[in-house]
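> As input, take input.txt (compact mmCIF, C-alpha atoms and all ligand atoms):
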```txt
# COMPACT_ATOMS: atom_id res chain seq x y z
CA MET U 1467 0.00 0.00 0.00
CA LYS U 1468 2.83 2.43 0.83
CA GLU U 1469 4.21 4.29 -2.09
CA SER U 1470 7.94 4.39 -2.04
CA LEU U 1471 9.05 7.95 -2.38
CA ASP U 1472 12.54 9.22 -2.94
CA LYS U 1473 14.04 11.98 -0.84
CA HIS U 1474 12.77 14.76 -3.05
CA GLN U 1475 9.25 13.32 -3.24
CA GLN U 1476 9.23 13.02 0.56
CA ASN U 1477 9.96 16.75 0.75
CA PRO U 1478 7.86 18.42 -1.93
CA MET U 1479 8.11 21.95 -0.48
CA ASP U 1480 11.22 24.05 -1.14
CA ASN U 1481 10.94 25.42 2.38
CA VAL U 1482 9.59 23.59 5.39
CA ASP U 1483 7.52 26.69 6.21
CA ASP U 1484 5.75 26.96 2.85
CA TRP U 1485 2.65 25.26 4.33
CA GLU U 1486 2.16 28.40 6.41
CA ASP U 1487 1.25 30.29 3.21
CA ASN U 1488 -1.70 27.95 3.01
CA LEU U 1489 -2.58 28.71 6.65
CA LEU U 1490 -2.68 32.41 5.83
CA GLU U 1491 -4.97 31.73 2.89
CA ARG U 1492 -7.31 29.77 5.14
CA TYR U 1493 -7.09 32.06 8.15
CA PRO U 1494 -6.25 35.56 6.90
CA ASP U 1495 -5.31 38.20 9.44
CA PRO U 1496 -8.57 40.06 10.19
CA THR U 1497 -6.64 43.22 11.06
CA GLU U 1498 -4.49 43.37 7.94
CA ASP U 1499 -5.47 45.65 5.11
CA LYS U 1500 -5.72 44.04 1.72
CA LYS U 1501 -3.16 46.12 -0.14
CA GLU U 1502 -0.48 45.56 2.43
CA LYS U 1503 -1.22 41.87 2.32
CA GLU U 1504 -0.77 41.67 -1.42
CA ALA U 1505 2.46 43.59 -1.33
CA PHE U 1506 3.94 41.24 1.22
CA ARG U 1507 2.58 38.02 -0.17
CA ASN U 1508 2.74 38.34 -3.93
CA TYR U 1509 5.41 35.65 -4.04
CA VAL U 1510 2.85 32.97 -3.26
CA ASP U 1511 2.66 31.51 -6.72
CA SER U 1512 0.53 28.62 -7.82
CA GLU U 1513 3.53 26.32 -8.15
CA ARG U 1514 4.26 26.78 -4.48
CA LEU U 1515 0.65 26.03 -3.60
CA ASP U 1516 0.85 22.80 -5.60
CA THR U 1517 3.84 21.65 -3.60
CA VAL U 1518 1.94 22.41 -0.39
CA LYS U 1519 -0.96 20.32 -1.64
CA GLU U 1520 1.37 17.43 -2.44
CA PHE U 1521 2.89 17.82 1.01
CA TYR U 1522 -0.56 17.42 2.59
CA ARG U 1523 -1.35 14.46 0.37
CA ILE U 1524 1.56 12.43 1.70
CA ASN U 1525 1.06 13.77 5.24
CA HIS U 1526 -2.52 12.51 5.25
CA LEU U 1527 -1.53 9.24 3.59
CA TYR U 1528 1.20 8.32 6.07
CA GLN U 1529 0.10 9.76 9.43
CA THR U 1530 -1.57 6.63 10.80
CA TYR U 1531 -1.99 5.55 14.41
CA ASP U 1532 0.80 3.00 14.06
CA PHE U 1533 3.10 5.54 12.45
CA VAL U 1534 2.66 7.88 15.43
CA CYS U 1535 3.38 5.03 17.88
CA GLU U 1536 6.58 4.20 15.98
CA LYS U 1537 7.81 7.79 15.94
CA GLU U 1538 7.07 8.25 19.64
CA ALA U 1539 8.93 5.05 20.53
CA ASP U 1540 11.91 6.30 18.56
CA PHE U 1541 12.13 10.04 19.21
CA LEU U 1542 10.92 10.08 22.80
CA LYS U 1543 14.06 8.21 23.79
CA PHE U 1544 15.76 11.56 23.23
CA ASP U 1545 19.00 9.96 22.21
CA ARG U 1546 19.80 12.14 19.18
CA LYS U 1547 21.60 15.17 20.58
CA GLU U 1548 22.12 17.13 23.78
CA MET U 1549 21.82 20.85 23.19
CA SER U 1550 21.22 24.12 24.97
CA ILE U 1551 18.36 26.21 23.58
CA TRP U 1552 20.99 28.37 21.89
CA GLU U 1553 22.64 25.41 20.22
CA ALA U 1554 19.20 24.22 19.11
CA VAL U 1555 18.47 27.66 17.61
CA ASP U 1556 21.81 27.63 15.75
CA PHE U 1557 21.13 24.09 14.58
CA LEU U 1558 17.64 25.00 13.37
CA ASN U 1559 19.06 28.01 11.56
CA THR U 1560 21.02 25.67 9.30
CA LEU U 1561 17.67 24.84 7.64
CA VAL U 1562 17.65 26.88 4.46
CA ASP U 1563 15.16 27.55 1.73
CA ASP U 1564 16.07 25.43 -1.29
CA SER U 1565 14.52 27.86 -3.73
CA ASP U 1566 15.70 31.23 -2.57
CA PRO U 1567 17.57 31.77 0.66
CA ASP U 1568 16.93 35.53 0.48
CA ILE U 1569 13.15 35.52 0.47
CA ASP U 1570 12.45 34.30 3.96
CA LEU U 1571 13.68 35.33 7.32
CA ASP U 1572 15.58 32.61 9.08
CA GLN U 1573 14.11 30.49 11.86
CA LEU U 1574 15.58 32.62 14.65
CA GLN U 1575 13.98 35.71 13.14
CA HIS U 1576 10.56 34.01 12.92
CA LEU U 1577 10.86 32.95 16.55
CA LEU U 1578 11.84 36.45 17.64
CA GLN U 1579 9.03 38.09 15.67
CA THR U 1580 6.53 35.82 17.38
CA SER U 1581 7.93 36.37 20.87
CA GLU U 1582 8.44 40.12 20.44
CA ALA U 1583 4.80 40.54 19.36
CA ILE U 1584 3.76 38.69 22.53
CA ARG U 1585 6.09 40.82 24.66
CA ALA U 1586 4.80 44.05 23.10
CA ASP U 1587 1.29 43.11 24.24
CA GLY U 1588 2.46 42.85 27.85
CA HIS U 1589 1.98 39.11 28.36
CA PRO U 1590 3.81 37.18 31.13
CA ASP U 1591 7.42 36.23 30.48
CA TRP U 1592 6.70 32.49 30.13
CA PHE U 1593 4.30 33.36 27.29
CA VAL U 1594 7.09 35.34 25.59
CA LEU U 1595 9.45 32.40 26.09
CA THR U 1596 6.88 30.06 24.56
CA GLY U 1597 6.74 32.24 21.45
CA PHE U 1598 10.50 32.18 21.26
CA ILE U 1599 10.87 28.40 21.43
CA HIS U 1600 7.59 27.12 19.96
CA ASP U 1601 9.03 25.90 16.65
CA LEU U 1602 12.32 24.43 17.87
CA GLY U 1603 10.84 20.96 17.36
CA LYS U 1604 11.50 21.55 13.67
CA VAL U 1605 15.02 20.28 14.32
CA LEU U 1606 13.36 16.97 13.41
CA CYS U 1607 14.03 17.96 9.80
CA LEU U 1608 17.73 17.96 10.57
CA PHE U 1609 17.50 14.46 12.01
CA GLY U 1610 16.47 13.34 8.52
CA GLU U 1611 12.72 13.39 9.01
CA PRO U 1612 10.56 14.19 5.95
CA GLN U 1613 8.52 17.40 5.94
CA TRP U 1614 5.23 15.53 6.32
CA ALA U 1615 6.44 14.16 9.69
CA VAL U 1616 7.56 17.55 11.02
CA VAL U 1617 5.13 20.32 10.00
CA GLY U 1618 1.56 20.81 8.80
CA ASP U 1619 -1.76 20.91 10.65
CA THR U 1620 -1.91 18.26 13.37
CA PHE U 1621 -4.94 16.12 14.18
CA PRO U 1622 -5.89 13.16 16.37
CA VAL U 1623 -5.13 9.66 15.08
CA GLY U 1624 -6.98 6.58 16.32
CA CYS U 1625 -10.39 8.03 15.49
CA ALA U 1626 -12.11 9.42 12.41
CA TYR U 1627 -10.37 12.30 10.64
CA SER U 1628 -12.44 15.48 10.74
CA ASP U 1629 -13.69 17.02 7.50
CA THR U 1630 -12.46 20.36 8.81
CA ILE U 1631 -8.82 19.27 8.45
CA VAL U 1632 -7.23 20.89 5.41
CA TYR U 1633 -7.40 18.67 2.28
CA SER U 1634 -9.31 16.06 4.28
CA GLU U 1635 -10.16 14.24 1.04
CA PHE U 1636 -6.61 12.87 1.05
CA PHE U 1637 -7.35 10.78 4.15
CA LYS U 1638 -9.23 8.34 1.93
CA GLU U 1639 -5.85 6.85 0.99
CA ASN U 1640 -4.79 6.45 4.63
CA PRO U 1641 -5.13 2.81 5.76
CA ASP U 1642 -6.78 3.90 9.05
CA TYR U 1643 -9.61 5.42 7.02
CA THR U 1644 -11.02 1.97 6.35
CA ASN U 1645 -9.92 0.37 9.64
CA ALA U 1646 -13.01 -0.26 11.78
CA ARG U 1647 -10.97 0.17 14.96
CA PHE U 1648 -10.13 3.76 14.08
CA ASN U 1649 -12.70 5.15 11.68
CA THR U 1650 -15.56 6.05 14.00
CA LYS U 1651 -16.14 9.37 15.73
CA TYR U 1652 -14.49 8.15 18.97
CA GLY U 1653 -12.34 5.36 17.54
CA ILE U 1654 -10.23 3.95 20.38
CA TYR U 1655 -11.11 6.84 22.75
CA GLU U 1656 -13.84 7.48 25.32
CA PRO U 1657 -16.05 10.55 25.09
CA ASN U 1658 -14.35 13.55 26.70
CA CYS U 1659 -11.37 11.43 27.76
CA GLY U 1660 -9.07 14.44 27.62
CA LEU U 1661 -6.52 15.26 24.94
CA ASP U 1662 -3.73 13.87 27.07
CA GLN U 1663 -5.16 10.42 26.23
CA VAL U 1664 -5.35 11.22 22.52
CA LYS U 1665 -2.48 10.61 20.13
CA MET U 1666 -1.88 13.47 17.74
CA SER U 1667 -0.30 13.18 14.31
CA TRP U 1668 3.47 13.25 14.75
CA GLY U 1669 5.40 16.46 14.25
CA HIS U 1670 7.32 19.35 15.79
CA ASP U 1671 4.52 20.27 18.22
CA GLU U 1672 4.33 17.00 20.16
CA TYR U 1673 8.07 16.52 20.03
CA LEU U 1674 8.88 19.89 21.60
CA TYR U 1675 6.11 19.48 24.17
CA GLN U 1676 7.71 16.24 25.35
CA ILE U 1677 11.07 17.99 25.69
CA MET U 1678 9.63 20.94 27.62
CA LYS U 1679 6.99 19.28 29.77
CA ASP U 1680 8.87 19.52 33.08
CA TYR U 1681 9.88 23.14 32.73
CA LEU U 1682 7.04 25.40 31.68
CA PRO U 1683 3.62 26.33 33.12
CA GLU U 1684 0.69 24.34 31.81
CA PRO U 1685 -0.75 27.00 29.45
CA ALA U 1686 2.67 27.24 27.79
CA LEU U 1687 2.75 23.47 27.33
CA TYR U 1688 -0.68 23.49 25.72
CA MET U 1689 0.38 26.26 23.35
CA ILE U 1690 3.43 24.28 22.27
CA ARG U 1691 1.66 20.95 22.00
CA TYR U 1692 -1.44 22.09 20.10
CA HIS U 1693 -0.38 25.17 18.14
CA SER U 1694 -0.90 23.39 14.77
CA PHE U 1695 -4.16 21.71 15.81
CA TYR U 1696 -6.34 23.99 13.65
CA ALA U 1697 -9.24 21.51 13.49
CA GLN U 1698 -9.75 22.27 17.17
CA HIS U 1699 -8.38 25.71 18.00
CA ARG U 1700 -9.92 27.26 14.85
CA GLU U 1701 -12.66 24.80 13.82
CA ASN U 1702 -13.69 23.46 17.25
CA ASP U 1703 -14.36 20.01 15.81
CA TYR U 1704 -12.86 17.76 18.50
CA ARG U 1705 -14.68 19.05 21.54
CA HIS U 1706 -16.04 15.52 22.08
CA LEU U 1707 -12.56 14.28 23.03
CA MET U 1708 -11.72 17.19 25.32
CA ASN U 1709 -12.26 17.43 29.05
CA ASP U 1710 -13.00 20.62 31.01
CA LYS U 1711 -9.34 21.33 31.60
CA ASP U 1712 -8.59 21.12 27.87
CA VAL U 1713 -11.40 23.58 27.17
CA GLU U 1714 -9.94 26.01 29.71
CA MET U 1715 -6.41 25.61 28.37
CA PHE U 1716 -7.42 26.02 24.74
CA LYS U 1717 -8.14 29.67 25.46
CA TRP U 1718 -4.37 29.99 25.70
CA VAL U 1719 -3.80 28.03 22.52
CA GLN U 1720 -6.19 30.41 20.78
CA ALA U 1721 -4.50 33.43 22.31
CA PHE U 1722 -1.18 32.19 20.97
CA ASN U 1723 -2.26 31.46 17.40
CA PRO U 1724 -2.42 35.03 16.02
CA TYR U 1725 1.14 35.67 17.22
CA ASP U 1726 2.33 32.61 15.35
CA LEU U 1727 0.42 33.33 12.16
CA TYR U 1728 0.37 37.10 11.90
CA SER U 1729 3.63 38.31 13.40
CA LYS U 1730 5.67 37.75 10.25
CA ALA U 1731 6.79 41.11 9.03
CA PRO U 1732 9.26 41.65 6.21
CA VAL U 1733 11.49 43.62 8.57
CA ALA U 1734 14.02 41.51 10.40
CA PRO U 1735 14.21 41.95 14.17
CA ASN U 1736 17.46 43.24 15.62
CA VAL U 1737 18.82 39.98 16.93
CA GLU U 1738 21.87 41.41 18.69
CA GLU U 1739 19.87 43.95 20.60
CA LEU U 1740 17.30 41.41 21.72
CA LEU U 1741 19.57 38.56 22.72
CA PRO U 1742 20.45 39.66 26.28
CA TYR U 1743 16.77 39.70 27.28
CA TYR U 1744 16.20 36.24 25.80
CA LYS U 1745 19.35 34.82 27.38
CA GLY U 1746 17.95 35.81 30.77
CA LEU U 1747 14.52 34.44 29.99
CA VAL U 1748 15.84 31.08 28.82
CA ALA U 1749 18.07 30.80 31.89
CA LYS U 1750 15.13 31.56 34.19
CA TYR U 1751 13.04 28.60 33.04
CA LEU U 1752 15.17 26.06 31.25
CA PRO U 1753 18.15 23.90 32.17
CA GLU U 1754 21.51 24.50 30.53
CA LYS U 1755 21.20 21.39 28.33
CA LEU U 1756 18.15 19.62 26.93
CA LYS U 1757 17.96 16.16 25.40
CA PHE U 1758 16.64 16.01 21.84
FE FE G 1801 4.93 25.49 14.52
FE FE G 1802 5.53 29.08 14.21
```
If you convert what's in this file into structure tokens, what do you get?

Amino acid sequence: MKESLDKHQQNPMDNVDDWEDNLLERYPDPTEDKKEKEAFRNYVDSERLDTVKEFYRINHLYQTYDFVCEKEADFLKFDRKEMSIWEAVDFLNTLVDDSDPDIDLDQLQHLLQTSEAIRADGHPDWFVLTGFIHDLGKVLCLFGEPQWAVVGDTFPVGCAYSDTIVYSEFFKENPDYTNARFNTKYGIYEPNCGLDQVKMSWGHDEYLYQIMKDYLPEPALYMIRYHSFYAQHRENDYRHLMNDKDVEMFKWVQAFNPYDLYSKAPVAPNVEELLPYYKGLVAKYLPEKLKF
């Protein structure tokens, strides 16, 4: 059943962040004026959108319940690399855009734009820190993982795939789609069992959550773990698996989302000027070294 794809086919997008163009199409910034938007985003050509669609096709084909179990068993041993946050940021910054390294800001700049927008709104420091680190799980790409197992919308596996998930028609090719154990509304789960009981499709969100879970306040952990779970935080289509605590905590996930999606400005932040503040913030909450 599995197609065998070569390295290039496994990674159809030139840049691991190209899927975010599709997010902005689906969830445009309500505060942005149209002209400004076009000026900033006129590079989103149809060829790029095709590669995003192909990315989602293989994501939806391969993200099965068993696949998630395999990836958890492997990556949650955390035996790849020991790094400080700063080493992880440098490592992540080695990810470059295959098509045009000049077009996009690097990963550190995206992280700083997110966290600086949070800081400017006067949120608590752990919220700022969350913005700064939320995408560090993308180092998975550098451990040889294909794009479809690192980024993209996340969704529960082990139960029916919601129609509100982007390109949900592609789930028809996923073996779990016809597996009676998994293809009902609740699948293997109990009503309102709580998201902690629910396996999510594998990617940078879950991975970083597992690395950070002992160090940050609970709202921060929810923001990291579920920031790509659009079928819930935007579409509210998995309420039947959530408990009361999840509902409370998703207010934070929703508060975080606009900073992730809408803080990308063409102007690069002044990294040197900002670093001392972030060094202090990282040292306040996180140990010197983390296991990836
Ligand atoms: Fe992300
Ligand atoms: Fe992000």
> Mind dumping a table of every chain U residue within 7 Å of ligand FE 1801 (chain G), with the nearest atom pair and its distance in Å to one decimal, using all atoms listed in the file, sorted by chain and rising number, as a Markdown table?

```
| residue | atom | partner | partner_atom | distance |
| --- | --- | --- | --- | --- |
| U:His1600 | CA | G:FE1801 | FE | 6.3 |
| U:Asp1601 | CA | G:FE1801 | FE | 4.6 |
| U:Val1617 | CA | G:FE1801 | FE | 6.9 |
| U:His1670 | CA | G:FE1801 | FE | 6.7 |
| U:Asp1671 | CA | G:FE1801 | FE | 6.4 |
| U:His1693 | CA | G:FE1801 | FE | 6.4 |
| U:Ser1694 | CA | G:FE1801 | FE | 6.2 |
```
> Give the answer as one residue: which of U:Pro1724, U:Pro1496, U:Pro1641, U:Gly1610 has the shortest atom-to-atom distance to ligand FE 1802 (chain G), using all atoms listed in the file?
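Of U:Pro1724, U:Pro1496, U:Pro1641, U:Gly1610, the one nearest ligand FE 1802 (chain G), counting all atoms listed in the file, is U:Pro1724.
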> Within 6 Å of (-10.1, 12.4, 27.9), in the coordinates the file gives, what residues turn up when you count only C-alpha atoms, written out as a PDB file with C-alpha atoms, in the coordinates of the input?

```
ATOM      1  CA  ASN U1658     -14.350  13.550  26.700  1.00  0.00           C
ATOM      2  CA  CYS U1659     -11.370  11.430  27.760  1.00  0.00           C
ATOM      3  CA  GLY U1660      -9.070  14.440  27.620  1.00  0.00           C
ATOM      4  CA  LEU U1661      -6.520  15.260  24.940  1.00  0.00           C
ATOM      5  CA  GLN U1663      -5.160  10.420  26.230  1.00  0.00           C
ATOM      6  CA  LEU U1707     -12.560  14.280  23.030  1.00  0.00           C
ATOM      7  CA  MET U1708     -11.720  17.190  25.320  1.00  0.00           C
ATOM      8  CA  ASN U1709     -12.260  17.430  29.050  1.00  0.00           C
TER       9      ASN U1709
END
```
> With the cut-off set at 12 Å and counting all atoms listed in the file, tabulate each residue of segment 1596-1634 of chain U with an atom at most that distance from an atom of segment 1572-1579 of chain U, showing the nearest atom pair and its distance in Å to one decimal, ordered by chain and increasing number, as CSV.

```
residue,atom,partner,partner_atom,distance
U:Thr1596,CA,U:Leu1577,CA,9.4
U:Gly1597,CA,U:Leu1577,CA,6.4
U:Phe1598,CA,U:Leu1577,CA,4.8
U:Ile1599,CA,U:Leu1577,CA,6.7
U:His1600,CA,U:Leu1577,CA,7.5
U:Asp1601,CA,U:Leu1577,CA,7.3
U:Leu1602,CA,U:Gln1573,CA,8.7
U:Gly1603,CA,U:Gln1573,CA,11.5
U:Lys1604,CA,U:Gln1573,CA,9.5
U:Val1605,CA,U:Gln1573,CA,10.5
```
> Would you mind listing what lies within 7 Å of Phe1521 of chain U as a compact mmCIF listing (two decimals) with C-alpha atoms, in the frame of the given file, with all atoms listed in the file counted and same-chain residues fewer than 2 positions away left out?

```
# COMPACT_ATOMS: atom_id res chain seq x y z
CA PRO U 1478 7.86 18.42 -1.93
CA MET U 1479 8.11 21.95 -0.48
CA THR U 1517 3.84 21.65 -3.60
CA VAL U 1518 1.94 22.41 -0.39
CA LYS U 1519 -0.96 20.32 -1.64
CA ARG U 1523 -1.35 14.46 0.37
CA ILE U 1524 1.56 12.43 1.70
CA ASN U 1525 1.06 13.77 5.24
CA TRP U 1614 5.23 15.53 6.32
```
> Between U:Glu1520, U:Glu1513, U:Asp1726, U:Glu1701, which has the minimum distance to Glu1582 of chain U (counting all atoms listed in the file)?
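Using all atoms listed in the file, Glu1582 of chain U sits closest to U:Asp1726.
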> One decimal, Å: what's the distance from atom CA of Gln1475 of chain U over to atom CA of Phe1758 of chain U, could you say?
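Atom CA of Phe1758 of chain U lies 26.3 Å from atom CA of Gln1475 of chain U.
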